[in-house]
Amino acid sequence: MNFVIEHSYLIPLLPLLGALAAGLLGAKVLKHNSHWPIWIGVGASALMAIVLLVGMLTEHHEPGRMMYFMSHWFDWIVAGDEKTGIFNAAAGAFIDPLTAVMLAVVCGIGFLITVFSKGYMHGESGYFRFFAYLGLFISAMTILVMGDNLIMLYLGWEGVGLCSYLLIGYYYEKPAAREAAKKAFIVNRIGDFGFALGILLTFYCFGTVSFFGTGPGSNTGFLEKALHGIANPGTEVYVFWIPFCLMLGAFGKSAQFPLSVWLPDAMEGPTPVSALIHAATMVTAGVYMIVRLGTLFVGNSNAMITIAVIGAFTAIWAATIALRQSDLKKVFAYSTVSQLGFMFVGVAVLAPVAAVFHLITHAFFKALLFLSSGVVMHATGGELDMCKMSGLKRRLPKTRILMLIGCLALSGFPLLSGFWSKDEIVHAAGGKSLVLGAVMLFTSLLTAYYTFRLYFRVFEGPEKIPGGDHHHGLSQGDSESHGPAAQAHHNPEPLSMMLPLAILAIGAVFAGVINLPFAAGVREHALGHFLQQSPSFAMAARVATAKYGTLTDTDKLGLGQEPTSHVVEVAPLVIGGGAALIGIALAFVLHLQNRAKADELAGRFGSVTRVLDAKYWVDEIYQALIVEPARALGRLFWWFDRVIVGGASFMIGVIPQIGGAALKFSTQRGYLQGYAVSMLACLVLILLWMFM
Amino acid sequence: MPDVFTNIALQHYLIVGALMFAIGMIGFMCRRNLIVMFLCSELMLQGVAINFIAFGAFWGKLSGQAFVIFILAIAAAEAALALAIIVLLFRQKHTVDSQAFRELRG
């Protein structure tokens, strides 16, 4: 572990080198071996991340002591002087339990997905490009979770945004993919504007962008200054607004309402990308950011309420849209938006541990679900419409089992990973406000229903396999087809694709054991206990105690402290599990036993169906309220440029023209290089004259 | 980090800047492909920008960096214009050889 901490810069550097190798040598030298540099780079990082996690888990821990390691890589941006305040953003890592957990998720699941991608992307043109972007993404994501100041976080944040853009637009010959990539990038710009504003405000108020400065306890980082209320004189009023600015960034990246519109469209990217970036890792960056900066957020009850309301609304809003989607990946995309809403609610109700817990379990089962739908796509020739397929269980027996595990975990089926993590959030939400708890519980029911609607439609019932030619990203027979790949598709479930899925499935089933809701004493090794040693959590807990008085047992579970009660609360578990079972049962009746009944119901509630099918017209509202006014403004500027500016410059142009005509025939010869040489010669003459 | 990455003195930056500028200048005068000539002019700009940054960091002043931000912004605008011009030129003659456009002397 000491090696990993000493050489922590290797974790982002190795995937970056892999990406460079794949990107520069991929086209001409490596070709279909382009996955190797990424496998090696990401694999080594994953190994280091796991060594780090295991090392920190086994480290001896004294109660009340914070566990962290700081690793300074090099001085990056240093500016200013004593008078104006020194801006110092060093490149360095702050490694605490939260970072260790996030690194293990990012690198571990990232590695599994790169392994899967080899089989999935086989024969695509631009194979090397895909892997180079993937390596770059992992590198940026590790910087995001390791950075010890806001600027590093922002670097990683923009890096993953860039990779997301590049990978969504991977099939750039397809117009929809190009549009989706631009949409993701532009919507994220709105969020990142808020984030940048938050960073500026933080520096303005606290005079530093470093989380912990020279270490917790030194009072040099802004989190501690926020904890002790030390802001620059005259700036106290702005401290209130910092969480709101940062929140906007988190909502953009994590696709919360109303900045959620990009995520469903992002499904135009290859499926491994959807699994890695748009389900497991990048979209959880917003949750990570708020948890990391919890000290700033927890004391600001207005900010916490805003997060809770937006999170809960997004959760139920996206879940209702998912009820009527027929595209497999779109269902999972809306489900991701909804589950991210759960995580934000977790953060907002003082349960960051539950949020991180759900982040981990969600990473496993959602990656599993996306990759499984990738296998389905592979087998059906790029078809994703669940109305056109049915009963695939005979064609894809292994995938069916894996998908079933993923669906059970997502819907919160008792004892699987999603059950434990989702229940903890619902429980904590209910502890703060019964309405919030009820909304989250109802969303769990909807989650179970739409998940199993998909499962029963696709894998059970009478067999119906769509034919079609073999390409996945380009479903409607676009220009890109891969001849050699068609033969490789004979076995729809090759080992290289099944093995990563099996590992993810094991995670989806058992990841819950890392944080079982046992009473005091038994949680010695649980996730909450581990995260409690993170300075971010410890400080947030101190702010919460100071602000809200003594913490209740649910708060303590959430903030990672030892609960005092020795009784496991069974009721929330039973209610949560019950909601999942009801949802599954509903889906079973409507989408397996009696599919005609489902259509009849949809017809009877025609207006509701129409609203859901139109996704609440959010895209149309955006078009009318933002895109069209912006376009009108653009036309106005265009007119101004053409008539006013253009007219003026035309007039300016006419006068020298007359003078120019005189010189025209004497010096103008038309040789560009000749002009350059005469310019250089004159410059040399002037310099000589000046210095002689 | 090993020492060699961290102890970089002013003159190293200046050498890199001067090299970039010289390479750009020579390229601009020797090559006739408009796109390559444009790239060379970018190279010269960035060579200058490195000098600004290096001196800014050396004196601990922000003005050098501020200047570079202007250079970057102007270079970006210039790139948009120059590439658009090259595209238009190419449409005319299906070549980007600078000699082919001698009649532009007017």
# chains A, B, ... in the order shown; residues from 1 in each chain; ligands from 1
$ closest_atom_pairs --of "chain B" --to "chain A" --cutoff "7 Å" --atoms "only C-alpha atoms" --output "tab-separated table"
residue	atom	partner	partner_atom	distance
B:Met1	CA	A:Trp73	CA	5.9
B:Thr6	CA	A:Phe74	CA	6.8
B:Met29	CA	A:Gln673	CA	5.1
B:Gly60	CA	A:Ala79	CA	6.9
B:Leu62	CA	A:Ala79	CA	6.8
B:Ser98	CA	A:Leu672	CA	6.7
B:Gln99	CA	A:Tyr671	CA	6.4
B:Arg102	CA	A:Gly670	CA	4.5
B:Glu103	CA	A:Gly670	CA	6.7
B:Leu104	CA	A:Gly670	CA	6.7
B:Arg105	CA	A:Gly670	CA	4.8
$ residues_around --residues "range 293-304 of chain A" --least-positions-apart "6" --cutoff "7 Å" --atoms "only C-alpha atoms" --output "list of chain:residue names"
A:Leu223, A:Ala226, A:Leu227, A:Pro243, A:Phe244, A:Ala348, A:Ser536, A:Met539, A:Ala540, A:Val543, A:Ala544, A:Lys547
$ residues_around --residues "Cys387 in chain A" --least-positions-apart "2" --cutoff "9 Å" --atoms "only C-alpha atoms" --output "list in words"
Ser326, Asp327, Leu384, Asp385, Met389, Ser390, Arg457 and Val458 of chain A
$ write_last_selection --atoms "N, CA, C and O atoms" --output "tab-separated table (two decimals), in the first residue's frame"
chain	number	residue	atom	x	y	z
A	326	SER	N	-39.64	1.96	-24.83
A	326	SER	CA	-39.57	0.61	-25.37
A	326	SER	C	-38.16	0.24	-25.79
A	326	SER	O	-37.88	-0.91	-26.09
A	327	ASP	N	-37.27	1.21	-25.80
A	327	ASP	CA	-35.87	0.94	-26.14
A	327	ASP	C	-35.16	0.50	-24.86
A	327	ASP	O	-35.20	1.19	-23.85
A	384	LEU	N	-33.03	-2.92	-30.48
A	384	LEU	CA	-33.19	-2.65	-29.04
A	384	LEU	C	-34.63	-2.43	-28.66
A	384	LEU	O	-34.94	-2.18	-27.52
A	385	ASP	N	-35.54	-2.51	-29.63
A	385	ASP	CA	-36.94	-2.21	-29.34
A	385	ASP	C	-37.58	-3.45	-28.73
A	385	ASP	O	-37.67	-4.50	-29.38
A	389	MET	N	-39.06	-7.87	-29.93
A	389	MET	CA	-38.43	-9.12	-29.51
A	389	MET	C	-39.20	-9.69	-28.32
A	389	MET	O	-39.92	-8.99	-27.62
A	390	SER	N	-39.02	-10.98	-28.13
A	390	SER	CA	-39.69	-11.65	-27.03
A	390	SER	C	-39.05	-13.02	-26.84
A	390	SER	O	-38.54	-13.60	-27.79
A	457	ARG	N	-40.71	-8.90	-21.04
A	457	ARG	CA	-40.95	-8.68	-22.47
A	457	ARG	C	-39.84	-9.29	-23.33
A	457	ARG	O	-40.10	-9.89	-24.35
A	458	VAL	N	-38.60	-9.10	-22.88
A	458	VAL	CA	-37.47	-9.46	-23.74
A	458	VAL	C	-37.12	-10.93	-23.62
A	458	VAL	O	-36.87	-11.61	-24.62
$ closest_atom_pairs --of "range 14-38 of chain B" --to "range 76-89 of chain B" --cutoff "8 Å" --atoms "only C-alpha atoms" --output "tab-separated table"
residue	atom	partner	partner_atom	distance
B:Leu34	CA	B:Ile86	CA	7.1
B:Ile35	CA	B:Ile86	CA	7.3
B:Phe38	CA	B:Ala82	CA	7.4
$ write_last_selection --atoms "C-alpha atoms" --output "PDB file, in the first residue's frame"
ATOM      1  CA  LEU B  34      -1.471  26.637 -47.206  1.00  0.00           C
ATOM      2  CA  ILE B  35      -2.540  24.409 -44.340  1.00  0.00           C
ATOM      3  CA  PHE B  38      -1.006  28.117 -41.364  1.00  0.00           C
TER       4      PHE B  38
END
$ residues_around --residues "Pro15 in chain A" --least-positions-apart "6" --cutoff "10 Å" --atoms "only C-alpha atoms" --output "list in words"
Ala21, Pro37, Ile38, Trp39, Ile40, Gly41, Val42, Gly43, Ala44, Ser45, Ala46, Cys107, Ala132, Leu134, Gly135, Leu136, Phe137, Ile138, Ser139, Ala140 and Thr142 of chain A
$ select_by_dssp --residues "range 289-523 of chain A" --states "strand (DSSP E or B)" --output "ChimeraX atom specification"
/A:327,385,390,464
$ write_last_selection --atoms "all heavy atoms" --output "short mmCIF file (atom, residue, chain, number, x, y, z; two decimals), in the first residue's frame"
data_model
loop_
_atom_site.label_atom_id
_atom_site.label_comp_id
_atom_site.auth_asym_id
_atom_site.auth_seq_id
_atom_site.Cartn_x
_atom_site.Cartn_y
_atom_site.Cartn_z
N ASP A 327 -37.27 1.21 -25.80
CA ASP A 327 -35.87 0.94 -26.14
C ASP A 327 -35.16 0.50 -24.86
O ASP A 327 -35.20 1.19 -23.85
CB ASP A 327 -35.27 2.23 -26.71
CG ASP A 327 -33.83 2.05 -27.12
OD1 ASP A 327 -33.05 1.55 -26.31
OD2 ASP A 327 -33.49 2.42 -28.26
N ASP A 385 -35.54 -2.51 -29.63
CA ASP A 385 -36.94 -2.21 -29.34
C ASP A 385 -37.58 -3.45 -28.73
O ASP A 385 -37.67 -4.50 -29.38
CB ASP A 385 -37.64 -1.81 -30.64
CG ASP A 385 -39.00 -1.23 -30.35
OD1 ASP A 385 -39.55 -1.52 -29.26
OD2 ASP A 385 -39.51 -0.48 -31.20
N SER A 390 -39.02 -10.98 -28.13
CA SER A 390 -39.69 -11.65 -27.03
C SER A 390 -39.05 -13.02 -26.84
O SER A 390 -38.54 -13.60 -27.79
CB SER A 390 -41.18 -11.79 -27.35
OG SER A 390 -41.82 -12.53 -26.35
N LYS A 464 -39.46 -14.59 -30.18
CA LYS A 464 -39.53 -13.74 -31.38
C LYS A 464 -38.19 -13.01 -31.45
O LYS A 464 -37.89 -12.16 -30.63
CB LYS A 464 -40.68 -12.74 -31.25
CG LYS A 464 -40.93 -11.92 -32.52
CD LYS A 464 -42.25 -11.18 -32.44
CE LYS A 464 -42.04 -9.75 -32.01
NZ LYS A 464 -43.26 -8.96 -31.85
#
$ residues_around --residues "Gly24 in chain B" --least-positions-apart "5" --cutoff "7 Å" --atoms "only C-alpha atoms" --output "MDAnalysis selection string"
chainID B and resid 40:41 43:44
$ write_last_selection --atoms "C-alpha atoms" --output "PDB file, in the first residue's frame"
ATOM      1  CA  CYS B  40       3.607  27.013 -38.960  1.00  0.00           C
ATOM      2  CA  SER B  41       2.231  30.429 -38.108  1.00  0.00           C
ATOM      3  CA  LEU B  43       3.672  27.274 -34.104  1.00  0.00           C
ATOM      4  CA  MET B  44       5.339  30.697 -34.092  1.00  0.00           C
TER       5      MET B  44
END
$ closest_residue --among "A:Ala266, A:Leu24, A:Val105, A:Val239" --to "Ala511 in chain A" --atoms "only C-alpha atoms"
A:Val105
$ residues_around --residues "Ile242 in chain A" --least-positions-apart "5" --cutoff "9 Å" --atoms "only C-alpha atoms" --output "list in words"
Leu197, Gly198, Ile199, Leu201, Thr202, Met247, Leu296 and Phe297 of chain A
$ write_last_selection --atoms "N, CA and C atoms" --output "tab-separated table (two decimals), in the first residue's frame"
chain	number	residue	atom	x	y	z
A	197	LEU	N	-18.18	28.92	-11.28
A	197	LEU	CA	-18.54	30.05	-10.42
A	197	LEU	C	-18.33	29.67	-8.96
A	198	GLY	N	-18.71	28.45	-8.62
A	198	GLY	CA	-18.53	27.98	-7.24
A	198	GLY	C	-17.07	27.96	-6.84
A	199	ILE	N	-16.19	27.53	-7.78
A	199	ILE	CA	-14.76	27.50	-7.48
A	199	ILE	C	-14.25	28.91	-7.25
A	201	LEU	N	-15.94	31.54	-6.28
A	201	LEU	CA	-16.47	32.02	-5.01
A	201	LEU	C	-15.71	31.42	-3.84
A	202	THR	N	-15.41	30.12	-3.95
A	202	THR	CA	-14.68	29.47	-2.88
A	202	THR	C	-13.34	30.15	-2.65
A	247	MET	N	-23.68	22.91	-6.75
A	247	MET	CA	-24.80	22.00	-6.98
A	247	MET	C	-25.21	21.96	-8.45
A	296	LEU	N	-19.34	21.92	3.29
A	296	LEU	CA	-19.94	23.17	2.80
A	296	LEU	C	-21.46	23.05	2.72
A	297	PHE	N	-21.93	21.83	2.39
A	297	PHE	CA	-23.35	21.66	2.09
A	297	PHE	C	-24.19	21.44	3.35
$ residues_around --residues "range 588-593 of chain A" --least-positions-apart "3" --cutoff "12 Å" --atoms "only C-alpha atoms" --output "ChimeraX atom specification"
/A:323,386-387,390-391,448-462,581-585,596-602
$ write_last_selection --atoms "N, CA, C and O atoms" --output "short mmCIF file (atom, residue, chain, number, x, y, z; two decimals), in the first residue's frame"
data_model
loop_
_atom_site.label_atom_id
_atom_site.label_comp_id
_atom_site.auth_asym_id
_atom_site.auth_seq_id
_atom_site.Cartn_x
_atom_site.Cartn_y
_atom_site.Cartn_z
N LEU A 323 -41.39 3.98 -17.53
CA LEU A 323 -42.49 3.03 -17.62
C LEU A 323 -42.92 2.78 -19.06
O LEU A 323 -43.41 1.71 -19.39
N MET A 386 -38.04 -3.31 -27.50
CA MET A 386 -38.55 -4.52 -26.83
C MET A 386 -39.89 -4.97 -27.39
O MET A 386 -40.31 -6.09 -27.14
N CYS A 387 -40.53 -4.14 -28.19
CA CYS A 387 -41.77 -4.59 -28.82
C CYS A 387 -41.49 -5.57 -29.95
O CYS A 387 -42.33 -6.35 -30.35
N SER A 390 -39.02 -10.98 -28.13
CA SER A 390 -39.69 -11.65 -27.03
C SER A 390 -39.05 -13.02 -26.84
O SER A 390 -38.54 -13.60 -27.79
N GLY A 391 -39.04 -13.48 -25.61
CA GLY A 391 -38.60 -14.85 -25.33
C GLY A 391 -37.21 -15.18 -25.81
O GLY A 391 -36.97 -16.22 -26.41
N ALA A 448 -39.09 -1.30 -9.75
CA ALA A 448 -39.26 -2.75 -9.89
C ALA A 448 -40.17 -3.07 -11.06
O ALA A 448 -39.90 -3.99 -11.84
N TYR A 449 -41.21 -2.26 -11.24
CA TYR A 449 -42.17 -2.54 -12.31
C TYR A 449 -41.53 -2.36 -13.69
O TYR A 449 -41.57 -3.28 -14.51
N TYR A 450 -40.89 -1.21 -13.92
CA TYR A 450 -40.38 -1.01 -15.29
C TYR A 450 -39.21 -1.93 -15.59
O TYR A 450 -39.01 -2.34 -16.73
N THR A 451 -38.43 -2.29 -14.55
CA THR A 451 -37.32 -3.21 -14.77
C THR A 451 -37.84 -4.56 -15.23
O THR A 451 -37.35 -5.15 -16.19
N PHE A 452 -38.87 -5.05 -14.54
CA PHE A 452 -39.35 -6.39 -14.89
C PHE A 452 -40.27 -6.38 -16.09
O PHE A 452 -40.40 -7.40 -16.77
N ARG A 453 -40.86 -5.24 -16.38
CA ARG A 453 -41.58 -5.11 -17.66
C ARG A 453 -40.61 -5.44 -18.79
O ARG A 453 -40.90 -6.23 -19.68
N LEU A 454 -39.41 -4.84 -18.68
CA LEU A 454 -38.39 -5.06 -19.71
C LEU A 454 -37.97 -6.53 -19.72
O LEU A 454 -37.92 -7.17 -20.78
N TYR A 455 -37.69 -7.08 -18.53
CA TYR A 455 -37.18 -8.45 -18.47
C TYR A 455 -38.21 -9.43 -19.04
O TYR A 455 -37.89 -10.27 -19.88
N PHE A 456 -39.46 -9.31 -18.61
CA PHE A 456 -40.48 -10.26 -19.06
C PHE A 456 -40.73 -10.12 -20.56
O PHE A 456 -40.92 -11.09 -21.27
N ARG A 457 -40.71 -8.90 -21.04
CA ARG A 457 -40.95 -8.68 -22.47
C ARG A 457 -39.84 -9.29 -23.33
O ARG A 457 -40.10 -9.89 -24.35
N VAL A 458 -38.60 -9.10 -22.88
CA VAL A 458 -37.47 -9.46 -23.74
C VAL A 458 -37.12 -10.93 -23.62
O VAL A 458 -36.87 -11.61 -24.62
N PHE A 459 -37.09 -11.44 -22.40
CA PHE A 459 -36.54 -12.79 -22.23
C PHE A 459 -37.59 -13.87 -22.07
O PHE A 459 -37.31 -15.03 -22.32
N GLU A 460 -38.78 -13.52 -21.62
CA GLU A 460 -39.79 -14.55 -21.39
C GLU A 460 -40.85 -14.48 -22.49
O GLU A 460 -40.78 -13.62 -23.37
N GLY A 461 -41.80 -15.38 -22.37
CA GLY A 461 -42.91 -15.37 -23.33
C GLY A 461 -42.53 -16.06 -24.64
O GLY A 461 -41.48 -16.67 -24.75
N PRO A 462 -43.43 -15.95 -25.65
CA PRO A 462 -43.18 -16.63 -26.92
C PRO A 462 -41.93 -16.07 -27.62
O PRO A 462 -41.66 -14.89 -27.53
N LEU A 581 -41.39 -6.32 -4.43
CA LEU A 581 -42.13 -7.53 -4.82
C LEU A 581 -43.44 -7.15 -5.51
O LEU A 581 -43.85 -7.80 -6.48
N ILE A 582 -44.12 -6.10 -5.01
CA ILE A 582 -45.38 -5.69 -5.65
C ILE A 582 -45.11 -5.26 -7.10
O ILE A 582 -45.81 -5.66 -8.03
N GLY A 583 -44.03 -4.47 -7.26
CA GLY A 583 -43.68 -4.01 -8.61
C GLY A 583 -43.42 -5.18 -9.54
O GLY A 583 -43.90 -5.23 -10.68
N ILE A 584 -42.66 -6.16 -9.05
CA ILE A 584 -42.33 -7.32 -9.89
C ILE A 584 -43.61 -8.09 -10.22
O ILE A 584 -43.82 -8.52 -11.37
N ALA A 585 -44.46 -8.25 -9.22
CA ALA A 585 -45.70 -9.00 -9.44
C ALA A 585 -46.57 -8.31 -10.48
O ALA A 585 -47.14 -8.96 -11.38
N ALA A 596 -51.98 -8.43 -23.43
CA ALA A 596 -53.04 -7.64 -24.04
C ALA A 596 -53.64 -6.68 -23.02
O ALA A 596 -54.01 -5.55 -23.32
N LYS A 597 -53.68 -7.16 -21.78
CA LYS A 597 -54.24 -6.36 -20.69
C LYS A 597 -53.43 -5.06 -20.51
O LYS A 597 -54.00 -3.99 -20.28
N ALA A 598 -52.10 -5.18 -20.64
CA ALA A 598 -51.25 -4.00 -20.47
C ALA A 598 -51.59 -2.96 -21.52
O ALA A 598 -51.73 -1.77 -21.21
N ASP A 599 -51.76 -3.42 -22.76
CA ASP A 599 -52.07 -2.45 -23.83
C ASP A 599 -53.45 -1.83 -23.60
O ASP A 599 -53.65 -0.64 -23.84
N GLU A 600 -54.36 -2.68 -23.10
CA GLU A 600 -55.71 -2.17 -22.86
C GLU A 600 -55.68 -1.09 -21.79
O GLU A 600 -56.31 -0.03 -21.93
N LEU A 601 -54.89 -1.34 -20.72
CA LEU A 601 -54.76 -0.36 -19.64
C LEU A 601 -54.17 0.93 -20.18
O LEU A 601 -54.62 2.03 -19.85
N ALA A 602 -53.13 0.78 -21.02
CA ALA A 602 -52.47 1.97 -21.58
C ALA A 602 -53.47 2.78 -22.39
O ALA A 602 -53.48 4.00 -22.37
#
$ atom_distance --atom1 "CA of Ser678 in chain A" --atom2 "CA of Asp97 in chain B"
20.0 Å
$ atom_distance --atom1 "CA of Leu52 in chain A" --atom2 "CA of Gly217 in chain A"
23.6 Å
